[in-house]
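This is my_file_4.csv (CSV, C-alpha atoms).
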```
chain,number,residue,atom,x,y,z
A,587,MET,CA,7.6,-177.1,-14.2
A,588,LYS,CA,10.4,-179.6,-14.7
A,589,SER,CA,9.9,-183.1,-13.6
A,590,PRO,CA,11.7,-184.5,-10.5
A,591,VAL,CA,13.8,-186.7,-12.7
A,592,TRP,CA,14.9,-183.8,-14.8
A,593,ARG,CA,15.7,-181.6,-11.7
A,594,ALA,CA,17.8,-184.5,-10.2
A,595,ILE,CA,19.7,-185.0,-13.4
A,596,ALA,CA,20.4,-181.2,-13.7
A,597,LEU,CA,21.7,-181.1,-10.1
A,598,LEU,CA,23.9,-184.2,-10.7
A,599,THR,CA,25.3,-182.6,-13.8
A,600,LEU,CA,26.1,-179.4,-12.0
A,601,VAL,CA,27.8,-181.2,-9.2
A,602,ALA,CA,29.8,-183.3,-11.6
A,603,VAL,CA,31.1,-180.3,-13.6
A,604,VAL,CA,32.1,-178.3,-10.5
A,605,MET,CA,34.0,-181.1,-8.8
A,606,GLY,CA,37.6,-181.6,-10.0
A,607,MET,CA,39.1,-184.9,-11.3
A,608,ALA,CA,42.7,-185.9,-10.7
A,609,SER,CA,42.8,-188.3,-13.6
A,610,ASP,CA,42.4,-187.8,-17.3
A,611,ALA,CA,39.0,-188.1,-18.8
A,612,ASN,CA,38.8,-189.5,-22.3
A,613,ALA,CA,35.5,-190.3,-24.1
A,614,ALA,CA,33.3,-190.9,-21.1
A,615,ARG,CA,30.7,-192.8,-23.2
A,616,ARG,CA,33.2,-195.5,-24.2
A,617,SER,CA,34.6,-195.6,-20.6
A,618,ALA,CA,31.1,-196.4,-19.4
A,619,LEU,CA,31.1,-199.2,-22.0
A,620,ALA,CA,34.3,-200.8,-20.6
A,621,GLY,CA,36.2,-199.7,-23.7
A,622,ASN,CA,34.1,-201.8,-26.0
A,623,LEU,CA,35.4,-201.2,-29.6
A,624,PHE,CA,32.4,-202.8,-31.4
A,625,ILE,CA,29.9,-200.1,-30.4
A,626,ASN,CA,30.5,-197.1,-32.6
A,627,ASP,CA,31.7,-193.9,-30.8
A,628,ALA,CA,33.1,-190.5,-31.8
A,629,ASP,CA,36.5,-191.7,-30.5
A,630,ASP,CA,36.8,-194.0,-33.5
A,631,MET,CA,37.7,-191.1,-35.7
A,632,PHE,CA,41.0,-190.6,-33.9
A,633,ALA,CA,42.0,-194.1,-35.1
A,634,PHE,CA,40.3,-194.0,-38.5
A,635,PRO,CA,40.6,-190.5,-40.0
A,636,GLN,CA,38.1,-191.3,-42.8
A,637,LEU,CA,35.3,-191.2,-40.1
A,638,TYR,CA,35.6,-187.4,-39.6
A,639,THR,CA,32.6,-186.9,-41.9
A,640,GLN,CA,30.4,-189.0,-39.7
A,641,TYR,CA,31.0,-186.6,-36.8
A,642,GLN,CA,31.0,-183.4,-38.8
A,643,ASN,CA,30.0,-180.1,-37.2
A,644,MET,CA,30.7,-181.1,-33.7
A,645,ALA,CA,32.7,-179.8,-30.7
A,646,ILE,CA,33.7,-182.4,-28.2
A,647,ILE,CA,35.3,-181.6,-24.8
A,648,ASP,CA,36.6,-184.2,-22.3
A,649,PHE,CA,36.7,-182.6,-18.8
A,650,ALA,CA,39.5,-183.3,-16.3
A,651,PRO,CA,40.2,-180.2,-14.3
A,652,SER,CA,42.6,-181.8,-11.9
A,653,SER,CA,43.9,-178.5,-10.5
A,654,TYR,CA,44.7,-175.2,-12.3
A,655,GLY,CA,46.6,-173.9,-15.3
A,656,ASP,CA,49.4,-176.1,-16.6
A,657,ASP,CA,48.4,-178.9,-14.2
A,658,MET,CA,44.9,-179.3,-15.8
A,659,SER,CA,44.2,-182.1,-18.1
A,660,GLY,CA,41.5,-183.0,-20.6
A,661,ASN,CA,41.1,-182.5,-24.3
A,662,ALA,CA,38.9,-180.9,-27.0
A,663,SER,CA,38.2,-181.4,-30.7
A,664,LEU,CA,36.4,-179.3,-33.3
A,665,ILE,CA,35.1,-181.0,-36.5
A,666,TRP,CA,33.5,-179.1,-39.3
A,667,GLY,CA,32.9,-179.2,-43.0
A,668,GLY,CA,30.6,-179.4,-46.0
A,669,GLU,CA,29.4,-182.0,-48.6
A,670,LYS,CA,32.9,-182.8,-49.9
A,671,HIS,CA,35.4,-182.1,-47.1
A,672,THR,CA,35.7,-182.3,-43.3
A,673,ILE,CA,38.4,-180.8,-41.1
A,674,ARG,CA,39.3,-181.8,-37.5
A,675,VAL,CA,41.5,-179.8,-35.1
A,676,SER,CA,42.2,-181.2,-31.6
A,677,THR,CA,44.2,-180.0,-28.5
A,678,GLY,CA,45.2,-181.7,-25.3
A,679,ARG,CA,44.9,-185.3,-26.4
A,680,THR,CA,47.6,-187.7,-25.0
A,681,ASP,CA,47.4,-190.3,-27.8
A,682,LEU,CA,49.4,-188.4,-30.5
A,683,ALA,CA,52.5,-190.5,-30.8
A,684,ALA,CA,50.8,-193.9,-31.6
A,685,ARG,CA,47.2,-193.1,-32.0
A,686,THR,CA,45.9,-195.9,-34.2
A,687,ALA,CA,47.8,-198.4,-32.1
A,688,ALA,CA,46.6,-196.9,-28.8
A,689,TRP,CA,42.9,-197.1,-30.0
A,690,THR,CA,43.3,-200.7,-31.1
A,691,TRP,CA,44.6,-201.8,-27.6
A,692,GLY,CA,42.1,-199.6,-25.7
A,693,GLN,CA,44.6,-197.0,-24.5
A,694,PHE,CA,42.1,-194.2,-25.1
A,695,ASP,CA,40.2,-195.8,-22.2
A,696,ARG,CA,41.1,-196.5,-18.6
A,697,GLY,CA,42.1,-200.0,-17.5
A,698,THR,CA,42.5,-201.5,-21.0
A,699,ALA,CA,46.0,-200.5,-22.0
A,700,MET,CA,48.8,-202.9,-23.1
A,701,PRO,CA,50.1,-204.9,-20.1
A,702,GLY,CA,53.6,-203.7,-20.9
A,703,GLY,CA,52.6,-200.1,-21.0
A,704,GLY,CA,53.6,-199.3,-24.6
A,705,LEU,CA,56.7,-197.4,-25.8
A,706,PHE,CA,54.8,-194.1,-26.5
A,707,THR,CA,52.5,-194.0,-23.5
A,708,GLY,CA,52.2,-190.6,-22.0
A,709,LEU,CA,54.1,-188.6,-24.7
A,710,GLY,CA,51.1,-186.4,-25.6
A,711,ASP,CA,51.8,-183.5,-23.3
A,712,ALA,CA,54.0,-181.7,-25.8
A,713,GLN,CA,51.4,-181.4,-28.6
A,714,TRP,CA,52.0,-178.6,-31.1
A,715,PHE,CA,49.7,-179.5,-34.0
A,716,ASP,CA,47.0,-182.1,-34.3
A,717,PHE,CA,44.6,-181.9,-37.3
A,718,GLY,CA,43.1,-184.0,-40.0
A,719,TRP,CA,41.1,-183.9,-43.2
A,720,SER,CA,38.6,-186.3,-44.9
A,721,THR,CA,36.7,-186.6,-48.2
A,722,LEU,CA,35.2,-189.2,-50.6
A,723,LEU,CA,37.2,-191.0,-53.2
A,724,GLY,CA,34.3,-191.9,-55.4
A,725,ASP,CA,32.0,-193.5,-52.8
A,726,MET,CA,34.8,-194.5,-50.4
A,727,PRO,CA,35.5,-192.4,-47.3
A,728,PHE,CA,39.2,-191.3,-47.2
A,729,GLY,CA,41.0,-189.4,-44.5
A,730,ILE,CA,44.4,-188.2,-43.3
A,731,GLY,CA,45.5,-187.2,-39.8
A,732,PHE,CA,48.7,-185.5,-38.8
A,733,SER,CA,50.2,-184.8,-35.3
A,734,TRP,CA,53.4,-183.1,-34.1
A,735,LEU,CA,54.9,-183.4,-30.7
A,736,LYS,CA,57.7,-181.1,-29.7
A,737,ASP,CA,59.3,-180.4,-26.3
A,738,SER,CA,62.5,-178.5,-25.6
A,739,ASN,CA,63.9,-176.3,-22.9
A,740,SER,CA,67.1,-174.4,-21.9
A,741,PHE,CA,68.1,-172.1,-19.0
A,742,GLU,CA,70.1,-168.9,-19.2
A,743,ALA,CA,71.6,-167.7,-15.9
A,744,THR,CA,72.2,-164.0,-14.9
A,745,ASP,CA,75.9,-164.3,-15.8
A,746,GLY,CA,75.0,-165.1,-19.4
A,747,THR,CA,75.8,-168.8,-19.3
A,748,THR,CA,73.3,-171.1,-20.9
A,749,ASP,CA,72.5,-174.7,-20.0
A,750,PRO,CA,72.4,-177.0,-23.1
A,751,ASP,CA,69.0,-177.7,-24.6
A,752,GLU,CA,67.0,-180.9,-24.0
A,753,SER,CA,64.6,-181.6,-26.9
A,754,PHE,CA,62.2,-184.2,-28.2
A,755,GLY,CA,60.1,-184.3,-31.3
A,756,HIS,CA,57.8,-186.9,-33.0
A,757,TYR,CA,55.7,-186.7,-36.2
A,758,THR,CA,52.8,-189.1,-36.9
A,759,LEU,CA,50.8,-189.5,-40.1
A,760,GLN,CA,47.6,-191.5,-40.4
A,761,VAL,CA,45.8,-192.6,-43.6
A,762,GLY,CA,42.3,-194.2,-43.5
A,763,LEU,CA,40.1,-195.8,-46.1
A,764,THR,CA,36.7,-197.6,-46.0
A,765,PRO,CA,36.2,-200.0,-48.9
A,766,GLY,CA,32.8,-201.6,-48.5
A,767,SER,CA,32.1,-202.6,-44.9
A,768,THR,CA,35.8,-202.6,-43.7
A,769,GLN,CA,37.5,-199.7,-42.1
A,770,LEU,CA,41.3,-199.6,-42.6
A,771,ALA,CA,43.9,-197.3,-41.0
A,772,LEU,CA,47.6,-197.1,-41.5
A,773,GLU,CA,49.9,-195.1,-39.2
A,774,VAL,CA,53.6,-194.2,-39.5
A,775,GLY,CA,55.5,-192.1,-37.1
A,776,PHE,CA,59.1,-191.0,-36.5
A,777,GLY,CA,61.1,-188.6,-34.3
A,778,GLY,CA,64.0,-188.3,-31.9
A,779,GLY,CA,65.5,-186.5,-29.0
A,780,ASP,CA,68.7,-185.2,-27.5
A,781,ASP,CA,70.1,-183.9,-24.2
A,782,LYS,CA,73.0,-181.7,-25.2
A,783,ALA,CA,74.3,-181.7,-21.7
A,784,VAL,CA,75.5,-185.2,-22.4
A,785,PRO,CA,78.7,-185.2,-24.5
A,786,ASP,CA,79.0,-186.7,-27.9
A,787,ASP,CA,76.0,-188.8,-28.9
A,788,GLY,CA,75.4,-190.2,-25.4
A,789,ALA,CA,71.8,-188.9,-25.2
A,790,LYS,CA,70.7,-188.8,-28.8
A,791,PHE,CA,68.0,-191.3,-29.9
A,792,SER,CA,65.5,-191.8,-32.7
A,793,THR,CA,61.9,-193.2,-32.5
A,794,LEU,CA,59.8,-195.1,-35.0
A,795,ASN,CA,56.3,-196.5,-34.9
A,796,ALA,CA,53.9,-198.1,-37.3
A,797,ALA,CA,50.4,-199.6,-37.0
A,798,LEU,CA,47.8,-201.2,-39.2
A,799,THR,CA,44.2,-201.8,-38.0
A,800,ALA,CA,41.1,-203.2,-39.7
A,801,ARG,CA,37.5,-203.2,-38.3
A,802,GLY,CA,34.7,-204.7,-40.3
A,803,ASP,CA,31.2,-206.0,-40.3
A,804,LEU,CA,29.6,-209.3,-41.3
A,805,GLU,CA,25.9,-208.4,-41.6
A,806,ASN,CA,24.4,-211.9,-41.9
A,807,PHE,CA,26.6,-214.7,-40.7
A,808,ALA,CA,24.7,-217.6,-39.1
A,809,GLY,CA,21.7,-215.3,-38.9
A,810,PHE,CA,23.4,-212.6,-36.8
A,811,ALA,CA,25.4,-209.4,-37.3
A,812,TRP,CA,29.1,-209.7,-36.3
A,813,ARG,CA,32.1,-207.5,-36.1
A,814,TYR,CA,35.8,-208.2,-36.3
A,815,LEU,CA,39.0,-206.3,-35.4
A,816,VAL,CA,42.6,-207.1,-36.5
A,817,GLY,CA,45.5,-204.9,-35.5
A,818,PHE,CA,49.3,-204.9,-35.7
A,819,SER,CA,51.7,-202.3,-34.2
A,820,TYR,CA,55.5,-201.8,-34.0
A,821,GLY,CA,57.6,-199.4,-32.1
A,822,LYS,CA,61.3,-198.8,-31.7
A,823,LEU,CA,63.6,-196.5,-29.7
A,824,SER,CA,67.2,-196.5,-31.0
A,825,PRO,CA,70.0,-194.6,-29.1
A,826,LYS,CA,72.8,-193.3,-31.4
A,827,ALA,CA,75.5,-194.3,-28.9
A,828,ASP,CA,76.7,-197.9,-28.9
A,829,THR,CA,76.7,-197.9,-25.1
A,830,ALA,CA,72.9,-197.4,-24.8
A,831,GLU,CA,70.1,-200.0,-25.2
A,832,ASP,CA,67.8,-200.5,-28.1
A,833,TYR,CA,64.1,-201.0,-27.2
A,834,THR,CA,61.6,-202.7,-29.5
A,835,GLU,CA,57.9,-203.6,-29.1
A,836,MET,CA,55.5,-205.4,-31.3
A,837,ALA,CA,51.8,-206.4,-30.8
A,838,PHE,CA,49.0,-208.3,-32.6
A,839,ARG,CA,45.3,-208.4,-31.7
A,840,GLY,CA,42.3,-210.2,-33.1
A,841,SER,CA,38.7,-209.8,-31.8
A,842,PHE,CA,35.4,-211.3,-33.0
A,843,GLY,CA,31.9,-211.2,-31.7
A,844,PRO,CA,28.2,-210.4,-32.3
A,845,VAL,CA,26.4,-207.0,-32.2
A,846,PHE,CA,22.7,-206.7,-31.4
A,847,GLY,CA,20.1,-203.9,-31.4
A,848,THR,CA,19.3,-200.6,-33.0
A,849,PRO,CA,21.8,-197.7,-32.3
A,850,GLY,CA,20.0,-194.8,-30.7
A,851,GLU,CA,17.5,-197.1,-29.0
A,852,TRP,CA,19.5,-200.0,-27.6
A,853,GLU,CA,22.7,-201.9,-28.5
A,854,VAL,CA,24.7,-204.8,-27.0
A,855,ALA,CA,28.1,-206.0,-28.3
A,856,GLY,CA,30.3,-208.8,-27.0
A,857,TYR,CA,33.5,-210.2,-28.3
A,858,ILE,CA,36.4,-212.6,-27.6
A,859,THR,CA,40.0,-211.4,-28.0
A,860,TYR,CA,43.5,-212.8,-28.6
A,861,ASP,CA,46.4,-210.6,-27.9
A,862,PHE,CA,50.2,-211.1,-28.2
A,863,GLN,CA,52.6,-208.3,-27.2
A,864,SER,CA,56.4,-208.5,-27.0
A,865,TYR,CA,59.0,-206.1,-25.6
A,866,GLU,CA,62.7,-206.4,-26.0
A,867,ASP,CA,65.8,-204.6,-24.6
A,868,LYS,CA,68.6,-205.7,-26.9
A,869,GLY,CA,71.4,-204.8,-24.6
A,870,VAL,CA,74.4,-202.6,-24.9
A,871,ALA,CA,77.3,-203.5,-27.2
A,872,ASP,CA,79.8,-204.4,-24.5
A,873,THR,CA,77.6,-206.9,-22.7
A,874,GLU,CA,75.0,-208.1,-25.3
A,875,ASP,CA,72.6,-208.6,-22.4
A,876,THR,CA,69.0,-209.0,-23.7
A,877,VAL,CA,65.7,-208.9,-21.9
A,878,LYS,CA,62.5,-210.2,-23.6
A,879,ASP,CA,59.1,-209.7,-22.1
A,880,GLY,CA,56.0,-211.3,-23.8
A,881,TYR,CA,52.3,-211.1,-22.9
A,882,SER,CA,49.7,-213.4,-24.3
A,883,THR,CA,46.0,-212.7,-23.6
A,884,PHE,CA,43.5,-215.5,-24.3
A,885,PRO,CA,40.7,-215.6,-23.7
A,886,GLY,CA,39.9,-211.9,-23.3
A,887,TYR,CA,36.2,-210.9,-23.1
A,888,ASN,CA,34.3,-207.7,-23.4
A,889,LEU,CA,30.5,-207.3,-23.1
A,890,ALA,CA,28.8,-203.9,-23.0
A,891,GLY,CA,25.4,-202.4,-23.7
A,892,GLU,CA,23.5,-199.1,-24.0
A,893,TYR,CA,19.8,-198.6,-23.5
A,894,TYR,CA,17.8,-195.4,-24.0
A,895,LEU,CA,15.2,-195.0,-21.3
A,896,ASN,CA,13.6,-192.3,-23.5
A,897,ASN,CA,14.7,-190.3,-26.5
A,898,TRP,CA,17.4,-188.3,-24.6
A,899,PHE,CA,18.6,-190.4,-21.6
A,900,ALA,CA,20.8,-193.5,-21.9
A,901,PHE,CA,22.1,-196.0,-19.4
A,902,ARG,CA,25.3,-197.8,-20.1
A,903,ALA,CA,27.3,-200.7,-18.6
A,904,GLY,CA,30.1,-203.0,-19.5
A,905,VAL,CA,32.6,-205.7,-18.3
A,906,GLN,CA,36.0,-206.7,-19.4
A,907,SER,CA,38.0,-209.8,-18.3
A,908,SER,CA,41.3,-211.3,-19.5
A,909,PHE,CA,43.6,-214.2,-18.8
A,910,ILE,CA,47.1,-212.7,-19.3
A,911,SER,CA,50.2,-214.9,-19.4
A,912,GLU,CA,53.6,-213.3,-19.1
A,913,LYS,CA,56.9,-214.8,-20.1
A,914,MET,CA,60.2,-213.0,-19.3
A,915,GLU,CA,63.5,-214.2,-20.6
A,916,GLU,CA,66.8,-212.6,-19.5
A,917,ASP,CA,70.0,-213.5,-21.3
A,918,PHE,CA,73.2,-212.7,-19.5
A,919,ALA,CA,76.8,-213.7,-19.9
A,920,ALA,CA,76.3,-216.2,-17.0
A,921,GLY,CA,73.2,-217.8,-18.6
A,922,THR,CA,69.5,-217.4,-19.3
A,923,GLU,CA,66.7,-216.9,-16.7
A,924,THR,CA,63.0,-217.5,-17.5
A,925,ASP,CA,60.1,-216.3,-15.5
A,926,LYS,CA,56.4,-217.2,-16.3
A,927,GLU,CA,53.3,-215.9,-14.7
A,928,THR,CA,49.5,-215.9,-15.4
A,929,ASN,CA,47.1,-213.3,-14.0
A,930,TYR,CA,43.3,-212.8,-14.3
A,931,TYR,CA,42.0,-209.3,-14.8
A,932,TYR,CA,38.4,-208.1,-14.4
A,933,MET,CA,36.8,-204.7,-14.6
A,934,TRP,CA,33.2,-203.5,-14.6
A,935,THR,CA,32.0,-200.0,-15.6
A,936,MET,CA,28.7,-198.1,-15.6
A,937,GLY,CA,27.5,-194.7,-16.7
A,938,PHE,CA,24.8,-192.6,-18.3
A,939,GLY,CA,24.3,-190.0,-21.0
A,940,ILE,CA,22.1,-187.0,-21.8
A,941,ASP,CA,21.6,-187.0,-25.5
A,942,LYS,CA,19.7,-183.9,-26.8
A,943,ASP,CA,19.5,-182.8,-30.4
A,944,ALA,CA,22.2,-180.2,-30.3
A,945,TRP,CA,24.2,-181.1,-27.2
A,946,GLY,CA,25.0,-183.9,-24.7
A,947,LEU,CA,26.8,-185.0,-21.6
A,948,ASP,CA,28.3,-188.4,-20.9
A,949,PHE,CA,29.3,-189.7,-17.5
A,950,ALA,CA,31.3,-192.9,-16.6
A,951,LEU,CA,31.3,-193.7,-12.9
A,952,GLN,CA,34.7,-193.8,-11.0
A,953,GLU,CA,34.3,-197.2,-9.5
A,954,GLY,CA,36.9,-196.6,-6.7
A,955,ASN,CA,34.9,-193.7,-5.4
A,956,VAL,CA,31.6,-195.5,-5.7
A,957,HIS,CA,33.0,-198.4,-3.6
A,958,SER,CA,34.4,-196.1,-0.9
A,959,GLY,CA,31.2,-194.0,-0.7
A,960,TYR,CA,32.5,-190.7,-2.0
A,961,PHE,CA,29.5,-188.7,-0.8
A,962,LEU,CA,29.6,-190.4,2.6
A,963,ASN,CA,33.2,-190.2,3.7
A,964,GLY,CA,33.5,-186.4,3.6
A,965,ASP,CA,36.5,-186.4,1.2
A,966,ILE,CA,36.3,-183.6,-1.2
A,967,GLY,CA,39.9,-183.5,-2.3
A,968,GLY,CA,40.0,-186.7,-4.4
A,969,ASP,CA,38.6,-187.6,-7.8
A,970,ALA,CA,35.1,-186.7,-8.8
A,971,PHE,CA,32.6,-189.5,-9.0
A,972,ALA,CA,32.6,-189.7,-12.8
A,973,TYR,CA,34.5,-189.2,-16.0
A,974,ILE,CA,32.7,-186.4,-18.0
A,975,SER,CA,32.5,-185.6,-21.7
A,976,GLY,CA,30.4,-182.9,-23.3
A,977,TRP,CA,29.6,-182.3,-27.0
A,978,PHE,CA,27.8,-179.8,-29.2
A,979,ASN,CA,26.3,-180.4,-32.6
A,980,TRP,CA,25.1,-178.1,-35.3
```

Could you rewrite the structure in this file as structure tokens?
Amino acid sequence: MKSPVWRAIALLTLVAVVMGMASDANAARRSALAGNLFINDADDMFAFPQLYTQYQNMAIIDFAPSSYGDDMSGNASLIWGGEKHTIRVSTGRTDLAARTAAWTWGQFDRGTAMPGGGLFTGLGDAQWFDFGWSTLLGDMPFGIGFSWLKDSNSFEATDGTTDPDESFGHYTLQVGLTPGSTQLALEVGFGGGDDKAVPDDGAKFSTLNAALTARGDLENFAGFAWRYLVGFSYGKLSPKADTAEDYTEMAFRGSFGPVFGTPGEWEVAGYITYDFQSYEDKGVADTEDTVKDGYSTFPGYNLAGEYYLNNWFAFRAGVQSSFISEKMEEDFAAGTETDKETNYYYMWTMGFGIDKDAWGLDFALQEGNVHSGYFLNGDIGGDAFAYISGWFNW
């Protein structure tokens, strides 16, 4: 007979899967760790394609059945291979247009995105292809990832007339390499769009993005194990018409902190972060108005831990806090306006995982529903109590 603890977990799992979620679920384990980037997770391979081999022969599904059909959200990945080569194929992910940059700033996870939002946020709904390949160059892991976004539509009426097409497309290439104890990833993307209903070049635009990220380990510095993370990203949207505004964004991040424990038994990681992000609207040609928006985060803190109560059940928790200073400068023909503001941001998360040999489920609690007493207020039309991810291994 199953133990009471096992029966309770099984019932909780069934309830969680059956109840719908209105928001996206991405990597529930990392969500339960407050987006901590110093504790290794399968989500790392989407930023560093050379890591596919570490998660070989797995199927990973993030559940987010918000309603039905086209309105459903979530994602899935299949990773398989042999001794020399590994292949990844994914569908439904919303981080395609600037994947390495999105991971570096925590945009795979809720509540940790760039304060300004990011130029390519939310462009993943038109995914056509998303795959990657990894191998070894000597003893160095090497990987390549490729994604293609494409969206277009037109309408043909009964009288034979056709509305002009609207289209958007974006290609992204990632290259990753791990020399020694440092993981490196380079990303370059380009694309563009057009609304042919607008005459001439009024609605044509091009997109460009690039990112470079490094994450590494210092095994014995001052008697402890440490990790560091450095990232840079750039994005630009350039309309072809002189009467439209150019938009540019740049960001830099540096994080450093200790890591304790033995993965698979217990692990705690904490780090301090400095961020700088800038966004600029360069203005149209006839006015030369310019708006610059800059965000500086220091200090930013993240502390998270995972503890296995036995060989298959793990408890997780994490906190994140940041002091974010914003400076906006607006240059107009009449003069310059400057606005400064400082805000404090704090978030806690909690979750658990079932980690069997060949399969597992991860849950990250939805704090809003926990606070409001989801099971007590009789509301069954809102979000479920948890973000949910499932995986299979062979």

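One distance worth recording is that between atom CA of A:Phe949 and atom CA of A:Gly843, which is 25.9 Å.
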
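Omitting A:Gly802 and its sequence neighbours fewer than 6 positions away, and counting only C-alpha atoms, the residues within 9 Å are A:Gly766, A:Ser767, A:Thr768, A:Gln769, A:Leu770, A:Trp812, A:Arg813, A:Tyr814, A:Leu815.
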
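Atom CA of A:Asp681 lies 11.8 Å from atom CA of A:Gly660.
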
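Taking atom CA of A:Gly668 and atom CA of A:Asp725 as endpoints, the distance between them is 15.7 Å.
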
Applying 9 Å and all atoms listed in the file, which residues near A:Trp714 remain after dropping the ones on its own chain fewer than 6 positions away? List them as a PyMOL selection string. chain A and resi 677+733-737

Surrounding residues of A:Gln906 excluding itself and chain neighbours under 6 positions, 9 Å, all atoms listed in the file, as a PyMOL selection string: chain A and resi 620-622+698+886-890+931-935

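With distances taken over all atoms listed in the file, A:Leu723 is the one residue among A:Leu723, A:Ala683, A:Leu619, A:Leu772 lying closest to A:Lys670.
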
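Near stretch 756-761 of chain A, within 8 Å and counting only C-alpha atoms, sit Phe634, Pro635, Gln636, Leu682, Ala683, Ala684, Thr686, Phe728, Gly729, Ile730, Gly731, Phe732, Ser733, Trp734, Leu735, Lys736, Ala771, Leu772, Glu773, Val774, Gly775, Phe776, Gly777, Gly778 and Thr793 of chain A; same-chain residues fewer than 3 positions away were not included.
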
Non-local contacts of A:Met914 (6 Å; only C-alpha atoms; under 5 positions in same chain excluded) as an MDAnalysis selection string: chainID A and resid 878:879 924:925

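Of the listed residues (A:Trp666, A:Phe899, A:Tyr820, A:Trp691), A:Trp666 comes nearest to A:Trp719; the distances count all atoms listed in the file.
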
Pick from A:Glu927, A:Glu892, A:Asp629, A:Asp948: nearest to A:Tyr973, with only C-alpha atoms counted? A:Asp948

Do you know which residues lie at most 9 Å from (55.8, -205.4, -28.4), with coordinates as in the file and all atoms listed in the file counted, and could you write them as a PyMOL selection string? chain A and resi 702+704-705+819-821+834-838+862-866+879-881

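With only C-alpha atoms as the atoms that count, the residue of A:Leu895, A:Ala808, A:Leu951, A:Leu823 with the shortest distance to A:Gly779 is A:Leu823.
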
Given all atoms listed in the file as the basis, pick out the residue of A:Pro825, A:Gly678, A:Gly692, A:Pro885 nearest to A:Arg616. A:Gly692

Compute the distance from (30.1, -185.4, -43.4) to each atom, counting all atoms listed in the file, keep the residues with any atom at most 6 Å away, and return them as a ChimeraX atom specification; use the coordinates of the file. /A:639-640,642
